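Visitor: run-v4.cif is the file, holding mmCIF, C-alpha atoms and all ligand atoms:
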data_query
#
loop_
_atom_site.group_PDB
_atom_site.id
_atom_site.type_symbol
_atom_site.label_atom_id
_atom_site.label_comp_id
_atom_site.auth_asym_id
_atom_site.auth_seq_id
_atom_site.Cartn_x
_atom_site.Cartn_y
_atom_site.Cartn_z
ATOM 1 C CA MET A 1 94.760 116.906 97.451
ATOM 2 C CA ILE A 2 92.425 114.758 95.402
ATOM 3 C CA GLN A 3 90.420 113.642 98.467
ATOM 4 C CA ASP A 4 89.854 117.231 99.662
ATOM 5 C CA ILE A 5 86.455 117.602 97.998
ATOM 6 C CA ALA A 6 84.642 119.974 100.398
ATOM 7 C CA PRO A 7 81.962 121.282 100.243
ATOM 8 C CA HIS A 8 81.132 117.861 98.758
ATOM 9 C CA ARG A 9 80.952 114.997 101.256
ATOM 10 C CA TYR A 10 82.349 111.510 100.620
ATOM 11 C CA ASP A 11 80.489 108.847 102.609
ATOM 12 C CA VAL A 12 81.895 105.311 102.438
ATOM 13 C CA ALA A 13 79.753 103.800 105.227
ATOM 14 C CA TYR A 14 78.728 100.363 103.972
ATOM 15 C CA ARG A 15 75.082 99.840 103.040
ATOM 16 C CA MET A 16 73.180 97.960 100.368
ATOM 17 C CA PRO A 17 70.776 100.447 98.772
ATOM 18 C CA GLU A 18 68.790 99.724 95.601
ATOM 19 C CA ALA A 19 70.116 101.584 92.570
ATOM 20 C CA GLY A 20 67.893 104.500 91.497
ATOM 21 C CA GLU A 21 67.785 105.880 87.968
ATOM 22 C CA ASN A 22 69.549 109.114 88.939
ATOM 23 C CA ASP A 23 72.375 107.385 90.796
ATOM 24 C CA ARG A 24 75.717 107.161 89.016
ATOM 25 C CA MET A 25 77.518 104.175 87.512
ATOM 26 C CA LEU A 26 81.296 103.767 87.624
ATOM 27 C CA ILE A 27 82.041 101.173 84.946
ATOM 28 C CA TYR A 28 85.628 100.075 84.323
ATOM 29 C CA ASN A 29 87.123 98.112 81.483
ATOM 30 C CA LYS A 30 90.834 97.307 81.069
ATOM 31 C CA GLY A 31 92.000 100.174 83.300
ATOM 32 C CA GLY A 32 89.597 102.720 81.786
ATOM 33 C CA LEU A 33 86.511 104.399 83.243
ATOM 34 C CA LEU A 34 83.315 104.960 81.214
ATOM 35 C CA CYS A 35 82.713 108.697 81.138
ATOM 36 C CA ARG A 36 82.022 111.765 79.078
ATOM 37 C CA VAL A 37 84.428 114.723 79.028
ATOM 38 C CA GLU A 38 83.072 118.055 77.825
ATOM 39 C CA GLU A 39 85.110 121.242 78.062
ATOM 40 C CA ASP A 40 87.489 119.608 80.567
ATOM 41 C CA SER A 41 84.597 118.548 82.807
ATOM 42 C CA VAL A 42 84.104 114.836 83.423
ATOM 43 C CA SER A 43 80.733 113.139 84.048
ATOM 44 C CA TYR A 44 79.614 109.548 84.581
ATOM 45 C CA PRO A 45 76.491 107.831 83.201
ATOM 46 C CA SER A 46 73.371 107.568 85.324
ATOM 47 C CA VAL A 47 71.911 104.174 86.210
ATOM 48 C CA GLY A 48 68.918 105.114 84.042
ATOM 49 C CA ALA A 49 71.138 105.763 80.995
ATOM 50 C CA ILE A 50 72.892 102.414 81.431
ATOM 51 C CA ALA A 51 69.522 100.648 81.858
ATOM 52 C CA GLU A 52 68.528 101.690 78.331
ATOM 53 C CA VAL A 53 71.244 99.433 76.905
ATOM 54 C CA TYR A 54 71.677 97.047 79.847
ATOM 55 C CA PRO A 55 68.320 96.393 81.576
ATOM 56 C CA ASP A 56 69.848 94.042 84.191
ATOM 57 C CA ILE A 57 71.726 96.937 85.757
ATOM 58 C CA TYR A 58 69.164 97.353 88.563
ATOM 59 C CA LYS A 59 69.863 93.773 89.715
ATOM 60 C CA GLU A 60 73.607 93.823 89.208
ATOM 61 C CA ALA A 61 74.722 97.269 90.395
ATOM 62 C CA ALA A 62 76.919 97.018 93.517
ATOM 63 C CA PHE A 63 77.028 99.941 95.937
ATOM 64 C CA PHE A 64 80.428 101.658 96.148
ATOM 65 C CA PHE A 65 79.919 104.899 98.128
ATOM 66 C CA ARG A 66 77.894 108.079 98.336
ATOM 67 C CA ILE A 67 78.916 111.643 97.524
ATOM 68 C CA ASP A 68 76.507 114.235 98.933
ATOM 69 C CA ASP A 69 73.063 112.667 98.400
ATOM 70 C CA ARG A 70 73.934 110.576 95.362
ATOM 71 C CA ASN A 71 74.911 106.917 95.409
ATOM 72 C CA TYR A 72 77.673 105.562 93.169
ATOM 73 C CA PHE A 73 77.510 101.956 91.958
ATOM 74 C CA GLY A 74 79.848 99.614 90.133
ATOM 75 C CA LEU A 75 79.204 96.745 87.716
ATOM 76 C CA LEU A 76 81.271 93.843 88.977
ATOM 77 C CA ASN A 77 80.641 90.722 86.964
ATOM 78 C CA ALA A 78 79.784 91.870 83.459
ATOM 79 C CA GLU A 79 81.784 93.121 80.534
ATOM 80 C CA PHE A 80 80.468 96.433 79.297
ATOM 81 C CA GLY A 81 81.461 97.762 75.903
ATOM 82 C CA PRO A 82 81.420 101.287 74.455
ATOM 83 C CA MET A 83 78.261 103.402 74.680
ATOM 84 C CA GLU A 84 77.147 106.323 72.531
ATOM 85 C CA ASN A 85 78.674 109.644 73.683
ATOM 86 C CA TYR A 86 80.829 107.894 76.312
ATOM 87 C CA PHE A 87 84.335 106.455 76.189
ATOM 88 C CA PHE A 88 86.756 104.657 78.499
ATOM 89 C CA LEU A 89 89.177 107.192 79.989
ATOM 90 C CA PRO A 90 92.536 105.668 81.082
ATOM 91 C CA LYS A 91 92.811 105.832 84.881
ATOM 92 C CA GLU A 92 96.051 107.900 84.782
ATOM 93 C CA LYS A 93 94.039 110.720 83.152
ATOM 94 C CA LEU A 94 91.946 111.004 86.319
ATOM 95 C CA ARG A 95 94.831 113.079 87.740
ATOM 96 C CA SER A 96 94.025 115.837 85.264
ATOM 97 C CA VAL A 97 90.222 115.809 84.770
ATOM 98 C CA ARG A 98 88.026 118.180 86.743
ATOM 99 C CA PRO A 99 86.078 118.864 88.856
ATOM 100 C CA ILE A 100 88.430 117.280 91.347
ATOM 101 C CA TRP A 101 85.630 115.631 93.366
ATOM 102 C CA LYS A 102 84.535 113.658 90.319
ATOM 103 C CA ALA A 103 88.144 112.647 89.638
ATOM 104 C CA PHE A 104 88.262 111.426 93.247
ATOM 105 C CA ALA A 105 85.024 109.429 92.739
ATOM 106 C CA GLY A 106 86.447 107.860 89.582
ATOM 107 C CA ILE A 107 89.746 106.720 91.064
ATOM 108 C CA THR A 108 88.226 105.570 94.366
ATOM 109 C CA GLY A 109 85.724 103.425 92.467
ATOM 110 C CA PHE A 110 88.633 102.018 90.469
ATOM 111 C CA GLN A 111 90.246 100.631 93.629
ATOM 112 C CA LEU A 112 86.967 99.044 94.759
ATOM 113 C CA HIS A 113 86.267 97.598 91.307
ATOM 114 C CA ASN A 114 89.730 96.054 91.095
ATOM 115 C CA TRP A 115 89.423 94.531 94.533
ATOM 116 C CA TYR A 116 86.064 92.931 93.741
ATOM 117 C CA ALA A 117 87.299 91.766 90.314
ATOM 118 C CA ALA A 118 90.425 90.145 91.813
ATOM 119 C CA ASN A 119 88.408 88.272 94.432
ATOM 120 C CA ARG A 120 85.527 86.667 92.577
ATOM 121 C CA TYR A 121 86.680 83.269 93.816
ATOM 122 C CA CYS A 122 87.979 82.124 97.190
ATOM 123 C CA SER A 123 91.774 81.885 97.126
ATOM 124 C CA SER A 124 91.638 78.852 99.485
ATOM 125 C CA CYS A 125 88.951 76.646 97.915
ATOM 126 C CA ARG A 126 87.972 78.342 94.611
ATOM 127 C CA THR A 127 84.279 78.721 95.578
ATOM 128 C CA LYS A 128 82.517 81.855 94.273
ATOM 129 C CA MET A 129 82.702 84.601 96.889
ATOM 130 C CA GLN A 130 79.594 86.415 98.158
ATOM 131 C CA HIS A 131 79.004 89.891 99.584
ATOM 132 C CA HIS A 132 79.322 89.824 103.366
ATOM 133 C CA GLY A 133 76.221 91.990 103.681
ATOM 134 C CA ARG A 134 77.011 93.876 106.899
ATOM 135 C CA GLU A 135 80.390 95.334 106.009
ATOM 136 C CA ARG A 136 82.694 95.873 103.023
ATOM 137 C CA ALA A 137 83.956 92.327 102.796
ATOM 138 C CA LEU A 138 83.590 89.178 100.731
ATOM 139 C CA VAL A 139 82.897 85.818 102.318
ATOM 140 C CA CYS A 140 83.357 82.276 101.027
ATOM 141 C CA PRO A 141 80.119 80.302 101.567
ATOM 142 C CA ASP A 142 82.072 77.033 101.634
ATOM 143 C CA CYS A 143 85.147 77.531 103.863
ATOM 144 C CA GLY A 144 84.095 80.778 105.556
ATOM 145 C CA LYS A 145 87.142 82.797 104.496
ATOM 146 C CA ILE A 146 86.528 86.554 104.773
ATOM 147 C CA ILE A 147 88.543 89.141 102.891
ATOM 148 C CA TYR A 148 88.594 92.928 103.178
ATOM 149 C CA PRO A 149 89.676 95.560 100.649
ATOM 150 C CA GLN A 150 93.416 95.708 100.143
ATOM 151 C CA ILE A 151 95.008 98.978 101.233
ATOM 152 C CA CYS A 152 98.827 99.118 101.152
ATOM 153 C CA PRO A 153 100.513 101.600 103.503
ATOM 154 C CA GLY A 154 103.322 103.737 102.152
ATOM 155 C CA VAL A 155 105.238 106.890 103.043
ATOM 156 C CA ILE A 156 106.082 110.188 101.385
ATOM 157 C CA VAL A 157 109.137 111.836 102.913
ATOM 158 C CA GLY A 158 110.152 115.490 102.825
ATOM 159 C CA VAL A 159 113.839 115.384 103.841
ATOM 160 C CA ILE A 160 115.025 118.808 105.013
ATOM 161 C CA ASN A 161 118.593 120.080 105.342
ATOM 162 C CA LYS A 162 118.460 123.549 106.927
ATOM 163 C CA ASP A 163 116.577 125.632 104.319
ATOM 164 C CA ARG A 164 116.629 123.075 101.511
ATOM 165 C CA ILE A 165 114.407 120.132 100.607
ATOM 166 C CA LEU A 166 115.392 116.935 98.819
ATOM 167 C CA MET A 167 113.493 116.300 95.586
ATOM 168 C CA THR A 168 113.772 113.251 93.354
ATOM 169 C CA LYS A 169 112.723 111.959 89.956
ATOM 170 C CA TYR A 170 112.021 108.326 89.193
ATOM 171 C CA ALA A 171 114.121 106.447 86.672
ATOM 172 C CA VAL A 172 112.182 105.879 83.427
ATOM 173 C CA SER A 173 112.345 102.116 84.008
ATOM 174 C CA HIS A 174 110.763 102.475 87.470
ATOM 175 C CA SER A 175 107.743 104.759 86.928
ATOM 176 C CA LYS A 176 105.827 106.619 84.229
ATOM 177 C CA PHE A 177 105.769 109.702 86.471
ATOM 178 C CA LYS A 178 108.375 112.106 85.100
ATOM 179 C CA LYS A 179 108.053 115.188 87.342
ATOM 180 C CA TYR A 180 109.909 116.011 90.546
ATOM 181 C CA ALA A 181 108.567 114.327 93.685
ATOM 182 C CA LEU A 182 109.750 113.332 97.170
ATOM 183 C CA VAL A 183 111.255 110.122 98.520
ATOM 184 C CA ALA A 184 108.470 107.518 98.699
ATOM 185 C CA GLY A 185 107.993 103.834 99.302
ATOM 186 C CA TYR A 186 105.846 101.025 100.634
ATOM 187 C CA THR A 187 105.898 99.719 104.177
ATOM 188 C CA GLU A 188 107.308 96.197 104.521
ATOM 189 C CA VAL A 189 105.931 93.419 106.721
ATOM 190 C CA GLY A 190 106.914 93.938 110.361
ATOM 191 C CA GLU A 191 107.905 97.559 109.839
ATOM 192 C CA SER A 192 106.577 100.757 111.461
ATOM 193 C CA LEU A 193 105.915 103.835 109.319
ATOM 194 C CA GLU A 194 108.855 105.604 110.968
ATOM 195 C CA ASP A 195 111.130 102.681 110.097
ATOM 196 C CA THR A 196 109.844 102.835 106.510
ATOM 197 C CA VAL A 197 110.884 106.511 106.406
ATOM 198 C CA ARG A 198 114.413 105.674 107.644
ATOM 199 C CA ARG A 199 114.822 102.700 105.303
ATOM 200 C CA GLU A 200 113.470 104.370 102.143
ATOM 201 C CA VAL A 201 115.587 107.506 102.597
ATOM 202 C CA MET A 202 118.687 105.362 103.182
ATOM 203 C CA GLU A 203 117.913 103.104 100.179
ATOM 204 C CA GLU A 204 117.072 105.893 97.721
ATOM 205 C CA VAL A 205 119.585 108.606 98.642
ATOM 206 C CA GLY A 206 121.937 107.129 101.294
ATOM 207 C CA LEU A 207 121.050 109.643 104.041
ATOM 208 C CA LYS A 208 120.407 109.167 107.769
ATOM 209 C CA VAL A 209 117.435 111.149 109.133
ATOM 210 C CA LYS A 210 116.144 112.358 112.524
ATOM 211 C CA ASN A 211 113.198 114.380 113.942
ATOM 212 C CA ILE A 212 110.629 112.413 111.912
ATOM 213 C CA ARG A 213 107.307 114.265 112.171
ATOM 214 C CA TYR A 214 103.884 113.401 110.765
ATOM 215 C CA TYR A 215 102.317 115.813 108.270
ATOM 216 C CA LYS A 216 99.089 114.392 106.705
ATOM 217 C CA SER A 217 97.833 111.226 105.039
ATOM 218 C CA GLN A 218 96.199 110.537 101.681
ATOM 219 C CA PRO A 219 94.206 107.671 100.167
ATOM 220 C CA TRP A 220 95.915 107.024 96.818
ATOM 221 C CA SER A 221 93.655 104.646 94.937
ATOM 222 C CA PHE A 222 95.797 104.753 91.766
ATOM 223 C CA THR A 223 97.970 102.140 93.510
ATOM 224 C CA ASP A 224 95.679 100.779 96.317
ATOM 225 C CA THR A 225 97.737 102.810 98.780
ATOM 226 C CA LEU A 226 97.237 104.800 101.961
ATOM 227 C CA LEU A 227 100.065 107.329 101.968
ATOM 228 C CA THR A 228 101.448 108.896 105.126
ATOM 229 C CA GLY A 229 103.485 112.071 104.767
ATOM 230 C CA PHE A 230 106.419 112.861 107.058
ATOM 231 C CA PHE A 231 109.014 115.596 107.228
ATOM 232 C CA CYS A 232 112.407 114.855 108.772
ATOM 233 C CA ASP A 233 115.880 116.376 109.052
ATOM 234 C CA VAL A 234 119.191 115.031 107.755
ATOM 235 C CA ASP A 235 121.239 113.449 110.532
ATOM 236 C CA GLY A 236 124.910 114.029 109.689
ATOM 237 C CA SER A 237 126.288 114.477 106.175
ATOM 238 C CA PRO A 238 123.859 115.783 103.471
ATOM 239 C CA GLU A 239 125.880 114.124 100.700
ATOM 240 C CA ILE A 240 123.473 112.194 98.441
ATOM 241 C CA LYS A 241 124.251 108.666 97.254
ATOM 242 C CA MET A 242 121.445 108.082 94.744
ATOM 243 C CA ASP A 243 119.991 104.656 93.926
ATOM 244 C CA GLU A 244 120.406 104.793 90.152
ATOM 245 C CA GLU A 245 118.084 101.856 89.509
ATOM 246 C CA GLU A 246 115.092 103.619 91.067
ATOM 247 C CA LEU A 247 115.917 107.312 90.516
ATOM 248 C CA SER A 248 117.165 109.520 87.698
ATOM 249 C CA ALA A 249 117.648 112.618 89.909
ATOM 250 C CA ALA A 250 118.026 113.494 93.613
ATOM 251 C CA GLU A 251 118.914 117.090 94.464
ATOM 252 C CA TRP A 252 118.628 119.696 97.208
ATOM 253 C CA PHE A 253 116.463 122.747 96.416
ATOM 254 C CA GLY A 254 116.096 126.035 98.291
ATOM 255 C CA ARG A 255 112.658 127.681 98.455
ATOM 256 C CA ASP A 256 113.465 129.963 95.536
ATOM 257 C CA GLU A 257 114.801 127.077 93.420
ATOM 258 C CA ILE A 258 111.829 124.656 93.484
ATOM 259 C CA PRO A 259 111.220 123.566 89.878
ATOM 260 C CA PRO A 260 107.722 124.080 88.409
ATOM 261 C CA GLU A 261 107.610 120.586 86.879
ATOM 262 C CA ARG A 262 106.605 118.819 90.097
ATOM 263 C CA SER A 263 103.716 116.787 91.495
ATOM 264 C CA GLU A 264 100.566 118.980 91.730
ATOM 265 C CA ALA A 265 99.370 120.104 95.174
ATOM 266 C CA GLU A 266 95.731 120.000 94.013
ATOM 267 C CA VAL A 267 96.051 116.248 93.481
ATOM 268 C CA SER A 268 98.835 114.701 95.520
ATOM 269 C CA LEU A 269 100.195 114.687 99.063
ATOM 270 C CA THR A 270 103.692 114.943 97.554
ATOM 271 C CA GLY A 271 102.717 118.153 95.776
ATOM 272 C CA GLU A 272 101.082 119.624 98.873
ATOM 273 C CA MET A 273 104.168 118.834 100.985
ATOM 274 C CA ILE A 274 106.482 120.535 98.479
ATOM 275 C CA ASP A 275 104.183 123.576 98.451
ATOM 276 C CA ALA A 276 104.043 123.631 102.272
ATOM 277 C CA PHE A 277 107.860 123.798 102.319
ATOM 278 C CA LEU A 278 107.855 126.441 99.551
ATOM 279 C CA LYS A 279 105.422 128.626 101.530
ATOM 280 C CA ASN A 280 107.552 128.313 104.661
ATOM 281 C CA GLN A 281 104.798 126.428 106.531
ATOM 282 C CA ILE A 282 107.163 123.684 107.716
HETATM 283 ZN ZN ZN B 301 86.723 79.124 100.475
#
Go ahead and express the file in the form of structure tokens.

Guide:
Amino acid sequence: MIQDIAPHRYDVAYRMPEAGENDRMLIYNKGGLLCRVEEDSVSYPSVGAIAEVYPDIYKEAAFFFRIDDRNYFGLLNAEFGPMENYFFLPKEKLRSVRPIWKAFAGITGFQLHNWYAANRYCSSCRTKMQHHGRERALVCPDCGKIIYPQICPGVIVGVINKDRILMTKYAVSHSKFKKYALVAGYTEVGESLEDTVRREVMEEVGLKVKNIRYYKSQPWSFTDTLLTGFFCDVDGSPEIKMDEEELSAAEWFGRDEIPPERSEAEVSLTGEMIDAFLKNQI
């Protein structure tokens, strides 16, 4: 999965270091990330390289996180245009660039950037927000409102019927993702993750489920989400009643029938769960 970056180490502990010239800048503009891609390998500009065209960067860089011994910073309040040898890569392409740990850095920074950008002003009194200073939060100096990064919980569900797994495809109107995936959905207010599993499976394919068991979780910064993966068994009839507004396909597959055009295990929890079923690890 995209967050499995060992032997590299992701460290998100909040601190306020000064930017150094060899640190990296994650600069976003209209859903794209400033980067260079050479022979399928992505890289991000150093603080020093940005300083040559934008000298204020040392004052304005905001700490995002650290990977190994290198700090990654964002530029929160300035527009930044094109730069020689770099271009803005659409965020969806971060699923396919490598190495995977740099793709993870790029999409994780995207979530942080969007959160900061959406909260420049207090939603209660319109005063400019300030960094909290001791934790990842923004505080309103006027009314005292504190906000934390938005992380939406959601579930991925591997529904099993004996030796078959249920795989689905989104309707074109619902998602740009065209490959096979698993039942998925966001948790509603007042709902447990297990209840989300039951509700989403019922809504999408009309099945009752039992034996809900946790598999793994995944931060999915493409959509500000924390995904939780569960496997479960069909309770009663395995006859599918597909929600045709959300899905274009919902079918049972045996281990030797799993289609190759599916979510990739190297990137997504969905893909890893399908592979775990395929390899008889479930
Ligand atoms: Zn306020």

Visitor: Go through the shown structure with the PyMOL selection byres (((chain A and resi 71) around 9) and not hetatm) and write out the matching residues as a PyMOL selection string.

Guide: chain A and resi 17+19-20+22-25+63-70+72-73

Visitor: Write a file of the selected residues as a short mmCIF file (atom, residue, chain, number, x, y, z; two decimals), in the coordinates of the input, keeping C-alpha atoms.

Guide:
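To be explicit, this is the file written out as result-v1.cif:
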data_model
loop_
_atom_site.label_atom_id
_atom_site.label_comp_id
_atom_site.auth_asym_id
_atom_site.auth_seq_id
_atom_site.Cartn_x
_atom_site.Cartn_y
_atom_site.Cartn_z
CA PRO A 17 70.78 100.45 98.77
CA ALA A 19 70.12 101.58 92.57
CA GLY A 20 67.89 104.50 91.50
CA ASN A 22 69.55 109.11 88.94
CA ASP A 23 72.38 107.38 90.80
CA ARG A 24 75.72 107.16 89.02
CA MET A 25 77.52 104.18 87.51
CA PHE A 63 77.03 99.94 95.94
CA PHE A 64 80.43 101.66 96.15
CA PHE A 65 79.92 104.90 98.13
CA ARG A 66 77.89 108.08 98.34
CA ILE A 67 78.92 111.64 97.52
CA ASP A 68 76.51 114.24 98.93
CA ASP A 69 73.06 112.67 98.40
CA ARG A 70 73.93 110.58 95.36
CA TYR A 72 77.67 105.56 93.17
CA PHE A 73 77.51 101.96 91.96
#

Visitor: Determine, counting only C-alpha atoms, which protein, DNA and RNA residues have an atom within 10 Å of an atom of A:Met242; residues of the same chain fewer than 2 positions away are not included. Present the result as number ranges by chain.

Guide: A: 168, 201-207, 239-240, 244-251

Visitor: Once the PyMOL selection byres (((chain A and resi 156) around 8) and not hetatm) is applied to the coordinates I shared, what remains selected? I want it as an MDAnalysis selection string.

Guide: chainID A and resid 154:155 157:158 182:185 197 227:230 269:270

Visitor: Taking the file as shown, what set of residues would the PyMOL selection byres (((not hetatm)) within 10 of (chain B and resi 301)) give back, as an NGL selection string?

Guide: :A and (121-129 or 139-146)

Visitor: For the selection you just gave me, I'd like the residues written to a file as a JSON list (two decimals), in the coordinates of the input, keeping C-alpha atoms.

Guide:
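Dumped to again_23.json:
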[["chain", "number", "residue", "atom", "x", "y", "z"],
["A", 121, "TYR", "CA", 86.68, 83.27, 93.82],
["A", 122, "CYS", "CA", 87.98, 82.12, 97.19],
["A", 123, "SER", "CA", 91.77, 81.89, 97.13],
["A", 124, "SER", "CA", 91.64, 78.85, 99.48],
["A", 125, "CYS", "CA", 88.95, 76.65, 97.92],
["A", 126, "ARG", "CA", 87.97, 78.34, 94.61],
["A", 127, "THR", "CA", 84.28, 78.72, 95.58],
["A", 128, "LYS", "CA", 82.52, 81.86, 94.27],
["A", 129, "MET", "CA", 82.70, 84.60, 96.89],
["A", 139, "VAL", "CA", 82.90, 85.82, 102.32],
["A", 140, "CYS", "CA", 83.36, 82.28, 101.03],
["A", 141, "PRO", "CA", 80.12, 80.30, 101.57],
["A", 142, "ASP", "CA", 82.07, 77.03, 101.63],
["A", 143, "CYS", "CA", 85.15, 77.53, 103.86],
["A", 144, "GLY", "CA", 84.10, 80.78, 105.56],
["A", 145, "LYS", "CA", 87.14, 82.80, 104.50],
["A", 146, "ILE", "CA", 86.53, 86.55, 104.77]]

Visitor: Just how far from atom CA of A:Pro260 is atom CA of A:Leu278, in Å to one decimal?

Guide: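 Distance between the two atoms: 11.4 Å.
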
Visitor: Go through A:Glu60, A:Glu79, A:Asp275, A:Asp11 and flag the residue nearest A:Asn29, using only C-alpha atoms for the distances.

Guide: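 Looking only at the distances to A:Asn29, the closest residue turns out to be A:Glu79.
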
Visitor: Measuring atom to atom with all atoms listed in the file, identify which of A:Val172, A:Ile151, A:Leu89, A:Ile212 is nearest to A:Tyr28.

Guide: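 Closest to A:Tyr28 of all the choices is A:Leu89.
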
Visitor: Here is a test: counting all atoms listed in the file, which residue of A:Gly31, A:Pro219, A:Pro99, A:Pro153 is nearest to A:Thr187?

Guide: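 Going through A:Gly31, A:Pro219, A:Pro99, A:Pro153 one by one, the smallest distance to A:Thr187 is for A:Pro153.
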
Visitor: Calculate how many Å separate atom CA of A:Glu272 from atom CA of A:Arg9, rounding to one decimal.

Guide: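 Separation between atom CA of A:Glu272 and atom CA of A:Arg9: 20.8 Å.
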